[in-house]
>>> print(open('query_13.txt').read())   # compact mmCIF, C-alpha atoms
# COMPACT_ATOMS: atom_id res chain seq x y z
CA MET E 1 -99.98 155.91 -59.31
CA ASN E 2 -102.33 156.72 -56.42
CA ILE E 3 -104.40 153.61 -55.70
CA ASN E 4 -107.33 155.62 -54.31
CA GLU E 5 -107.50 157.72 -57.47
CA THR E 6 -107.24 154.55 -59.52
CA ARG E 7 -110.23 153.06 -57.73
CA ALA E 8 -112.24 156.25 -58.22
CA ASN E 9 -111.47 156.12 -61.95
CA ASN E 10 -112.48 152.46 -62.09
CA ILE E 11 -115.83 153.26 -60.49
CA TYR E 12 -116.44 156.10 -62.95
CA ASN E 13 -115.75 153.74 -65.85
CA ILE E 14 -118.00 151.06 -64.37
CA LYS E 15 -120.86 153.54 -64.21
CA SER E 16 -120.25 154.41 -67.87
CA LEU E 17 -120.39 150.72 -68.77
CA ALA E 18 -123.68 150.26 -66.90
CA SER E 19 -125.18 153.28 -68.64
CA TYR E 20 -124.07 152.08 -72.07
CA LEU E 21 -125.55 148.62 -71.58
CA GLY E 22 -128.67 149.82 -69.76
CA VAL E 23 -127.78 147.71 -66.72
CA GLU E 24 -128.25 148.66 -63.07
CA GLU E 25 -124.96 150.01 -61.71
CA LYS E 26 -125.16 147.81 -58.62
CA ILE E 27 -124.82 144.66 -60.72
CA PHE E 28 -121.42 145.69 -62.03
CA MET E 29 -120.35 147.20 -58.72
CA ASP E 30 -121.10 143.90 -57.00
CA PHE E 31 -118.89 142.11 -59.53
CA TYR E 32 -116.17 144.70 -58.93
CA ASP E 33 -116.40 144.18 -55.16
CA GLU E 34 -116.25 140.44 -55.74
CA LEU E 35 -113.02 140.93 -57.66
CA LEU E 36 -111.54 143.29 -55.08
CA ASN E 37 -112.21 140.76 -52.32
CA ASP E 38 -110.91 137.71 -54.16
CA HIS E 39 -107.83 137.22 -52.00
CA GLU E 40 -107.21 133.74 -53.39
CA PHE E 41 -106.80 135.12 -56.92
CA LEU E 42 -104.45 137.85 -55.70
CA THR E 43 -102.39 135.24 -53.86
CA GLN E 44 -102.18 133.11 -57.01
CA VAL E 45 -101.06 136.11 -59.08
CA ASN E 46 -98.41 137.00 -56.51
CA GLU E 47 -97.16 133.41 -56.54
CA ARG E 48 -96.75 133.63 -60.33
CA ILE E 49 -94.91 136.95 -60.01
CA VAL E 50 -92.47 135.44 -57.49
CA PHE E 51 -91.98 132.35 -59.64
CA ILE E 52 -91.27 134.34 -62.81
CA ARG E 53 -88.92 136.75 -61.03
CA GLU E 54 -86.95 133.96 -59.36
CA ASN E 55 -86.88 131.42 -62.18
CA HIS E 56 -86.74 133.60 -65.29
CA GLY E 57 -85.33 136.88 -64.04
CA PHE E 58 -88.14 138.85 -65.65
CA GLN E 59 -88.78 142.03 -63.65
CA LYS E 60 -90.57 144.41 -65.99
CA GLY E 61 -93.97 146.03 -65.57
CA ILE E 62 -96.08 144.35 -62.91
CA PHE E 63 -93.22 141.88 -62.33
CA ASN E 64 -91.13 144.74 -61.00
CA MET E 65 -93.29 144.59 -57.85
CA GLU E 66 -92.46 141.94 -55.27
CA SER E 67 -96.16 141.58 -54.50
CA ILE E 68 -99.48 143.25 -55.31
CA ASP E 69 -101.96 144.17 -52.60
CA SER E 70 -104.91 145.06 -54.86
CA ILE E 71 -106.17 144.21 -58.34
CA ASP E 72 -106.51 147.98 -58.84
CA TRP E 73 -102.81 148.00 -59.71
CA PHE E 74 -103.84 146.46 -63.02
CA ALA E 75 -105.17 148.46 -65.96
CA PHE E 76 -108.94 149.02 -66.04
CA GLU E 77 -109.11 146.85 -69.14
CA ARG E 78 -108.61 143.79 -66.91
CA VAL E 79 -111.48 144.80 -64.64
CA LEU E 80 -113.67 145.52 -67.67
CA ILE E 81 -113.05 142.05 -69.11
CA TYR E 82 -113.96 140.47 -65.78
CA LEU E 83 -117.20 142.44 -65.53
CA LEU E 84 -118.28 141.68 -69.10
CA ILE E 85 -117.71 137.94 -68.71
CA ARG E 86 -119.39 137.75 -65.31
CA TYR E 87 -122.44 139.59 -66.68
CA PHE E 88 -122.83 138.07 -70.16
CA LYS E 89 -121.57 134.57 -69.26
CA PRO E 90 -120.24 133.84 -72.77
CA ASP E 91 -119.85 130.29 -74.02
CA ASN E 92 -116.87 131.13 -76.23
CA VAL E 93 -114.35 133.96 -75.98
CA LEU E 94 -111.72 134.87 -78.56
CA GLU E 95 -108.63 136.74 -77.39
CA THR E 96 -105.88 138.00 -79.69
CA GLY E 97 -102.68 139.15 -78.05
CA VAL E 98 -101.70 137.50 -74.78
CA TYR E 99 -98.18 138.60 -73.82
CA TYR E 100 -97.82 137.79 -70.11
CA GLY E 101 -101.50 136.98 -69.72
CA GLY E 102 -102.98 139.83 -67.69
CA ASN E 103 -106.21 139.98 -69.70
CA SER E 104 -106.31 136.19 -69.92
CA ALA E 105 -106.05 135.68 -66.18
CA PHE E 106 -108.97 138.02 -65.42
CA ALA E 107 -111.07 136.46 -68.19
CA LEU E 108 -110.41 132.93 -67.00
CA LEU E 109 -111.15 133.89 -63.40
CA ALA E 110 -114.55 135.24 -64.48
CA MET E 111 -115.29 132.03 -66.40
CA ASP E 112 -114.32 130.01 -63.36
CA LYS E 113 -116.81 132.02 -61.28
CA ASN E 114 -119.47 131.49 -63.96
CA LYS E 115 -118.64 127.77 -64.13
CA LYS E 116 -118.95 127.98 -67.91
CA GLY E 117 -117.13 129.19 -70.97
CA LYS E 118 -114.01 128.47 -73.00
CA MET E 119 -111.42 130.90 -74.31
CA ILE E 120 -109.18 130.61 -77.34
CA SER E 121 -106.18 132.95 -77.26
CA ILE E 122 -103.91 133.61 -80.25
CA ASP E 123 -100.44 135.06 -79.98
CA PHE E 124 -96.82 134.73 -81.04
CA PRO E 125 -94.17 134.38 -78.33
CA ASP E 126 -92.33 137.68 -77.99
CA SER E 127 -89.03 136.19 -79.14
CA GLU E 128 -90.63 135.10 -82.43
CA ILE E 129 -92.21 138.53 -82.92
CA ARG E 130 -88.79 140.12 -82.56
CA GLU E 131 -87.29 137.68 -85.05
CA THR E 132 -89.77 138.88 -87.71
CA SER E 133 -89.80 142.55 -86.70
CA ASN E 134 -87.49 143.39 -89.59
CA ILE E 135 -90.28 142.18 -91.89
CA ILE E 136 -93.32 143.25 -89.85
CA PRO E 137 -92.23 146.19 -87.67
CA ARG E 138 -93.69 146.52 -84.18
CA HIS E 139 -95.88 149.51 -83.47
CA ILE E 140 -93.77 152.41 -82.23
CA LEU E 141 -95.76 152.55 -78.97
CA VAL E 142 -94.95 148.99 -77.91
CA GLY E 143 -93.12 149.43 -74.62
CA ASP E 144 -90.11 147.67 -73.17
CA THR E 145 -92.31 145.82 -70.66
CA GLU E 146 -93.74 143.78 -73.53
CA LEU E 147 -90.30 142.38 -74.44
CA TYR E 148 -89.79 139.19 -72.46
CA THR E 149 -87.22 136.43 -72.43
CA SER E 150 -87.40 133.51 -74.87
CA SER E 151 -87.69 131.09 -71.91
CA LEU E 152 -91.26 132.31 -71.38
CA ARG E 153 -94.34 131.56 -73.46
CA PRO E 154 -97.49 133.72 -73.84
CA GLY E 155 -99.66 133.72 -70.72
CA PHE E 156 -96.94 133.08 -68.19
CA MET E 157 -98.74 135.11 -65.50
CA ILE E 158 -101.93 133.01 -65.58
CA PRO E 159 -102.41 130.99 -62.37
CA LEU E 160 -102.07 127.31 -63.25
CA GLY E 161 -105.42 126.46 -61.67
CA LEU E 162 -107.28 128.69 -64.16
CA LYS E 163 -105.98 127.12 -67.37
CA GLU E 164 -108.62 124.40 -67.67
CA ARG E 165 -110.89 126.60 -69.82
CA TRP E 166 -108.03 127.98 -71.94
CA GLU E 167 -106.59 127.04 -75.31
CA LEU E 168 -103.53 128.91 -76.57
CA ILE E 169 -102.80 128.86 -80.28
CA GLU E 170 -99.37 130.22 -81.16
CA GLY E 171 -99.41 131.88 -84.54
CA ASP E 172 -100.79 134.67 -86.73
CA SER E 173 -104.39 135.54 -85.90
CA LEU E 174 -105.06 136.58 -89.51
CA ALA E 175 -104.25 133.06 -90.64
CA ILE E 176 -105.90 131.25 -87.72
CA ILE E 177 -109.24 133.05 -87.29
CA PRO E 178 -110.75 132.02 -90.67
CA ASP E 179 -110.33 128.34 -89.73
CA LEU E 180 -111.95 128.58 -86.29
CA LYS E 181 -115.25 126.68 -86.14
CA GLN E 182 -116.72 128.31 -83.03
CA THR E 183 -119.10 131.23 -82.81
CA PHE E 184 -117.77 133.71 -80.25
CA ASP E 185 -119.76 135.80 -77.77
CA LEU E 186 -116.87 138.06 -76.74
CA TYR E 187 -113.86 139.22 -78.75
CA ILE E 188 -110.88 140.78 -76.96
CA HIS E 189 -108.26 142.44 -79.15
CA ASP E 190 -104.91 143.36 -77.62
CA SER E 191 -102.41 142.34 -80.26
CA ASP E 192 -101.14 144.40 -83.22
CA HIS E 193 -103.00 147.72 -83.02
CA SER E 194 -101.82 149.10 -86.36
CA MET E 195 -104.43 150.34 -88.82
CA GLU E 196 -103.75 147.64 -91.39
CA PHE E 197 -103.57 144.67 -89.03
CA LEU E 198 -106.48 145.52 -86.72
CA SER E 199 -108.72 146.41 -89.67
CA LYS E 200 -108.12 142.96 -91.14
CA GLU E 201 -108.44 141.12 -87.83
CA ILE E 202 -111.66 142.77 -86.73
CA GLU E 203 -113.29 142.11 -90.12
CA LEU E 204 -112.34 138.43 -89.94
CA THR E 205 -113.60 138.14 -86.37
CA TRP E 206 -116.89 139.91 -87.13
CA LYS E 207 -117.91 136.92 -89.25
CA LYS E 208 -117.33 134.62 -86.26
CA LEU E 209 -119.39 136.56 -83.70
CA SER E 210 -122.82 135.66 -82.35
CA ASP E 211 -125.70 138.10 -82.76
CA ASN E 212 -125.39 139.19 -79.11
CA ALA E 213 -121.60 139.43 -79.09
CA VAL E 214 -119.52 142.16 -77.48
CA LEU E 215 -116.22 143.46 -78.87
CA LEU E 216 -113.45 144.92 -76.72
CA VAL E 217 -110.45 146.60 -78.36
CA ASP E 218 -107.54 147.97 -76.37
CA ASP E 219 -105.18 150.83 -77.28
CA ILE E 220 -107.72 152.34 -79.65
CA ASP E 221 -105.64 155.53 -79.76
CA TRP E 222 -102.76 153.74 -81.51
CA SER E 223 -104.57 153.87 -84.88
CA ASN E 224 -107.96 154.74 -86.36
CA ALA E 225 -108.88 151.10 -87.06
CA PHE E 226 -111.48 150.75 -84.28
CA PHE E 227 -113.18 154.04 -85.11
CA SER E 228 -113.17 153.32 -88.84
CA PHE E 229 -114.76 149.93 -88.24
CA CYS E 230 -117.50 151.40 -86.03
CA SER E 231 -118.19 154.08 -88.62
CA ALA E 232 -118.38 151.62 -91.51
CA LYS E 233 -120.67 149.22 -89.62
CA ARG E 234 -122.73 152.02 -88.02
CA LEU E 235 -121.91 150.77 -84.53
CA TYR E 236 -122.34 152.78 -81.34
CA PRO E 237 -119.30 152.28 -79.04
CA VAL E 238 -118.45 153.29 -75.50
CA LEU E 239 -114.91 154.47 -74.71
CA PHE E 240 -112.94 154.10 -71.49
CA THR E 241 -109.90 155.84 -70.10
CA ASP E 242 -107.25 153.92 -68.26
CA ASN E 243 -107.38 154.22 -64.48
CA GLY E 244 -104.42 156.52 -63.98
CA LYS E 245 -101.22 154.80 -65.00
CA ASP E 246 -101.32 156.27 -68.53
CA ASN E 247 -102.51 159.77 -67.67
CA LEU E 248 -106.17 158.83 -68.20
CA ARG E 249 -105.82 158.54 -71.96
CA VAL E 250 -108.79 157.09 -73.81
CA ARG E 251 -107.58 153.56 -74.25
CA THR E 252 -110.29 150.91 -74.61
CA GLY E 253 -113.38 150.68 -76.82
CA VAL E 254 -116.36 148.37 -76.38
CA VAL E 255 -119.18 147.65 -78.82
CA SER E 256 -122.34 145.60 -78.29
CA LYS E 257 -123.60 144.10 -81.55
CA LYS E 258 -127.18 144.47 -80.38
CA HIS E 259 -126.96 147.99 -78.93
CA SER E 260 -130.16 149.93 -79.56
CA ARG E 261 -128.25 152.88 -81.06
CA ASN E 262 -126.39 150.88 -83.68
CA SER E 263 -127.36 152.30 -87.10
CA ASP E 264 -128.87 155.35 -85.38
CA PRO E 265 -128.83 158.09 -88.07
CA THR E 266 -128.35 160.79 -85.41
CA PHE E 267 -125.05 159.24 -84.31
CA THR E 268 -121.93 159.99 -86.34
>>> encode(input="query_13.txt", output="structure tokens")
Amino acid sequence: MNINETRANNIYNIKSLASYLGVEEKIFMDFYDELLNDHEFLTQVNERIVFIRENHGFQKGIFNMESIDSIDWFAFERVLIYLLIRYFKPDNVLETGVYYGGNSAFALLAMDKNKKGKMISIDFPDSEIRETSNIIPRHILVGDTELYTSSLRPGFMIPLGLKERWELIEGDSLAIIPDLKQTFDLYIHDSDHSMEFLSKEIELTWKKLSDNAVLLVDDIDWSNAFFSFCSAKRLYPVLFTDNGKDNLRVRTGVVSKKHSRNSDPTFT
């Protein structure tokens, strides 16, 4: 992966986000620069990588690198989450699917910068997912990097100093979401991307979202659930490619509940 090409792709996506939301590009570019220049966060992430490698022997994905010299090594989805939270300053965020905590870390960093917000994350530890995989098969596109040792719990990459605004609930999101009392301003889906599961989860979450909420769904090419939901609700989404590590495939979808083109009869 060429880091300069990655950054160019990130900038292209950021301009698409600004256009979709009707926001001046400079606002999001300033947040991106803020993230690029946050050396303290990068140091904290590298400390977690070293700790996990040395104490748990986990060396897959980003943990295969001894250190990271730029946040651009992460998928654009992480940058996107940071930008959305810095701009919208949500009070409550719901995240489904944590794994090692890449999305979570960027979300919690943005909340720390905002000095407001709480995030509830729902996930099963990987070892428990594998124990039930004979009953509920994993999606065929789940990669080996998502399979981590039973000594680790979801979110193990998150810097310890960022966990103050975070609540992790270990379990099935379909069972947990209906009982949540909060109204959420941002929903981040990165768990089971299958048609059946995501369709159920997004419908349950829709009832818990504020009028101005934003939805972010990753790996939208793994099933038609995101597109079917947008079609049924007459929602106008914006789609983003990754920044180079997955051959620029269209990977992430975002929807604003109050977008002016929602229910637009000219959009199909």
>>> residues_around(input="query_13.txt", residues="Ala213 in chain E", least_positions_apart="6", cutoff="12 Å", atoms="all atoms listed in the file", output="compact mmCIF listing (two decimals) with C-alpha atoms, in the coordinates of the input")
# COMPACT_ATOMS: atom_id res chain seq x y z
CA LEU E 84 -118.28 141.68 -69.10
CA ILE E 85 -117.71 137.94 -68.71
CA PHE E 88 -122.83 138.07 -70.16
CA LYS E 89 -121.57 134.57 -69.26
CA PRO E 90 -120.24 133.84 -72.77
CA ASP E 91 -119.85 130.29 -74.02
CA ASN E 92 -116.87 131.13 -76.23
CA VAL E 93 -114.35 133.96 -75.98
CA LEU E 94 -111.72 134.87 -78.56
CA THR E 183 -119.10 131.23 -82.81
CA PHE E 184 -117.77 133.71 -80.25
CA ASP E 185 -119.76 135.80 -77.77
CA LEU E 186 -116.87 138.06 -76.74
CA TYR E 187 -113.86 139.22 -78.75
CA ILE E 188 -110.88 140.78 -76.96
CA THR E 205 -113.60 138.14 -86.37
CA TRP E 206 -116.89 139.91 -87.13
CA LYS E 207 -117.91 136.92 -89.25
CA VAL E 254 -116.36 148.37 -76.38
CA VAL E 255 -119.18 147.65 -78.82
CA SER E 256 -122.34 145.60 -78.29
CA LYS E 257 -123.60 144.10 -81.55
CA LYS E 258 -127.18 144.47 -80.38
CA HIS E 259 -126.96 147.99 -78.93
>>> atom_distance(input="query_13.txt", atom1="CA of Leu239 in chain E", atom2="CA of Arg7 in chain E")
17.7 Å
>>> closest_residue(input="query_13.txt", among="E:Leu235, E:Ile49, E:Ile81, E:Val98", to="Pro125 in chain E", atoms="only C-alpha atoms")
E:Val98
>>> atom_distance(input="query_13.txt", atom1="CA of Tyr99 in chain E", atom2="CA of Gly155 in chain E")
6.0 Å
>>> axis_aligned_box(input="query_13.txt", around="range 205-222 of chain E", padding_each_side="4 Å", output="JSON")
{"center_x": -114.2, "center_y": 145.1, "center_z": -82.8, "size_x": 30.9, "size_y": 28.9, "size_z": 20.9}
>>> atom_distance(input="query_13.txt", atom1="CA of Glu40 in chain E", atom2="CA of Glu164 in chain E")
17.1 Å
>>> closest_residue(input="query_13.txt", among="E:Phe58, E:Phe156, E:Phe51, E:Phe74", to="Ile3 in chain E", atoms="only C-alpha atoms")
E:Phe74
>>> residues_near_point(input="query_13.txt", point="(-128.5, 148.0, -70.3)", cutoff="12 Å", atoms="only C-alpha atoms", output="ChimeraX atom specification")
/E:15-25,27-28,87-88,256,258-261
>>> closest_residue(input="query_13.txt", among="E:Phe227, E:His39, E:Glu54, E:Glu47", to="Asp69 in chain E", atoms="only C-alpha atoms")
E:His39
>>> closest_residue(input="query_13.txt", among="E:Phe124, E:Ser191, E:Asn212, E:Gly117", to="Trp166 in chain E", atoms="only C-alpha atoms")
E:Gly117
>>> closest_residue(input="query_13.txt", among="E:Glu5, E:Glu170, E:Asp242, E:Asp221", to="Ser194 in chain E", atoms="all atoms listed in the file")
E:Asp221
>>> build_atoms(input="query_13.txt", residues="range 54-85 of chain E", atoms="N, CA and C atoms", output="compact mmCIF listing (two decimals), in the coordinates of the input")
# COMPACT_ATOMS: atom_id res chain seq x y z
N GLU E 54 -88.03 134.80 -59.88
CA GLU E 54 -86.95 133.96 -59.36
C GLU E 54 -86.42 132.97 -60.38
N ASN E 55 -87.28 132.47 -61.27
CA ASN E 55 -86.88 131.42 -62.18
C ASN E 55 -86.53 131.90 -63.58
N HIS E 56 -87.01 133.09 -63.95
CA HIS E 56 -86.74 133.60 -65.29
C HIS E 56 -86.08 134.98 -65.29
N GLY E 57 -85.99 135.59 -64.13
CA GLY E 57 -85.33 136.88 -64.04
C GLY E 57 -86.06 138.02 -64.71
N PHE E 58 -87.35 137.82 -64.99
CA PHE E 58 -88.14 138.85 -65.65
C PHE E 58 -88.72 139.79 -64.60
N GLN E 59 -88.36 141.08 -64.68
CA GLN E 59 -88.78 142.03 -63.65
C GLN E 59 -89.27 143.34 -64.26
N LYS E 60 -90.02 143.23 -65.34
CA LYS E 60 -90.57 144.41 -65.99
C LYS E 60 -92.05 144.56 -65.66
N GLY E 61 -92.55 145.79 -65.77
CA GLY E 61 -93.97 146.03 -65.57
C GLY E 61 -94.43 145.58 -64.20
N ILE E 62 -95.51 144.82 -64.17
CA ILE E 62 -96.08 144.35 -62.91
C ILE E 62 -95.12 143.42 -62.19
N PHE E 63 -94.19 142.80 -62.93
CA PHE E 63 -93.22 141.88 -62.33
C PHE E 63 -92.08 142.62 -61.65
N ASN E 64 -92.09 143.93 -61.74
CA ASN E 64 -91.13 144.74 -61.00
C ASN E 64 -91.52 144.87 -59.53
N MET E 65 -92.78 144.53 -59.22
CA MET E 65 -93.29 144.59 -57.85
C MET E 65 -93.11 143.21 -57.20
N GLU E 66 -92.65 143.21 -55.98
CA GLU E 66 -92.46 141.94 -55.27
C GLU E 66 -93.79 141.29 -54.93
N SER E 67 -94.82 142.10 -54.72
CA SER E 67 -96.16 141.58 -54.50
C SER E 67 -97.16 142.70 -54.76
N ILE E 68 -98.40 142.30 -55.02
CA ILE E 68 -99.48 143.25 -55.31
C ILE E 68 -100.53 143.12 -54.22
N ASP E 69 -100.99 144.24 -53.70
CA ASP E 69 -101.96 144.17 -52.60
C ASP E 69 -103.39 144.48 -53.05
N SER E 70 -103.57 144.78 -54.35
CA SER E 70 -104.91 145.06 -54.86
C SER E 70 -104.94 144.88 -56.36
N ILE E 71 -106.05 144.36 -56.88
CA ILE E 71 -106.17 144.21 -58.34
C ILE E 71 -106.26 145.58 -59.02
N ASP E 72 -106.46 146.64 -58.25
CA ASP E 72 -106.51 147.98 -58.84
C ASP E 72 -105.16 148.43 -59.38
N TRP E 73 -104.10 147.68 -59.10
CA TRP E 73 -102.81 148.00 -59.71
C TRP E 73 -102.80 147.64 -61.19
N PHE E 74 -103.75 146.82 -61.61
CA PHE E 74 -103.84 146.46 -63.02
C PHE E 74 -104.64 147.50 -63.79
N ALA E 75 -104.44 147.54 -65.10
CA ALA E 75 -105.17 148.46 -65.96
C ALA E 75 -106.67 148.17 -65.88
N PHE E 76 -107.49 149.19 -66.12
CA PHE E 76 -108.94 149.02 -66.04
C PHE E 76 -109.43 147.98 -67.04
N GLU E 77 -108.72 147.84 -68.13
CA GLU E 77 -109.11 146.85 -69.14
C GLU E 77 -109.33 145.48 -68.53
N ARG E 78 -108.46 145.10 -67.56
CA ARG E 78 -108.61 143.79 -66.91
C ARG E 78 -109.92 143.70 -66.14
N VAL E 79 -110.23 144.76 -65.40
CA VAL E 79 -111.48 144.80 -64.64
C VAL E 79 -112.67 144.73 -65.59
N LEU E 80 -112.60 145.48 -66.68
CA LEU E 80 -113.67 145.52 -67.67
C LEU E 80 -113.94 144.13 -68.25
N ILE E 81 -112.89 143.40 -68.58
CA ILE E 81 -113.05 142.05 -69.11
C ILE E 81 -113.75 141.16 -68.09
N TYR E 82 -113.33 141.27 -66.85
CA TYR E 82 -113.96 140.47 -65.78
C TYR E 82 -115.46 140.77 -65.68
N LEU E 83 -115.79 142.05 -65.67
CA LEU E 83 -117.20 142.44 -65.53
C LEU E 83 -118.04 141.95 -66.70
N LEU E 84 -117.53 142.10 -67.92
CA LEU E 84 -118.28 141.68 -69.10
C LEU E 84 -118.53 140.17 -69.09
N ILE E 85 -117.54 139.40 -68.72
CA ILE E 85 -117.71 137.94 -68.71
C ILE E 85 -118.62 137.50 -67.58
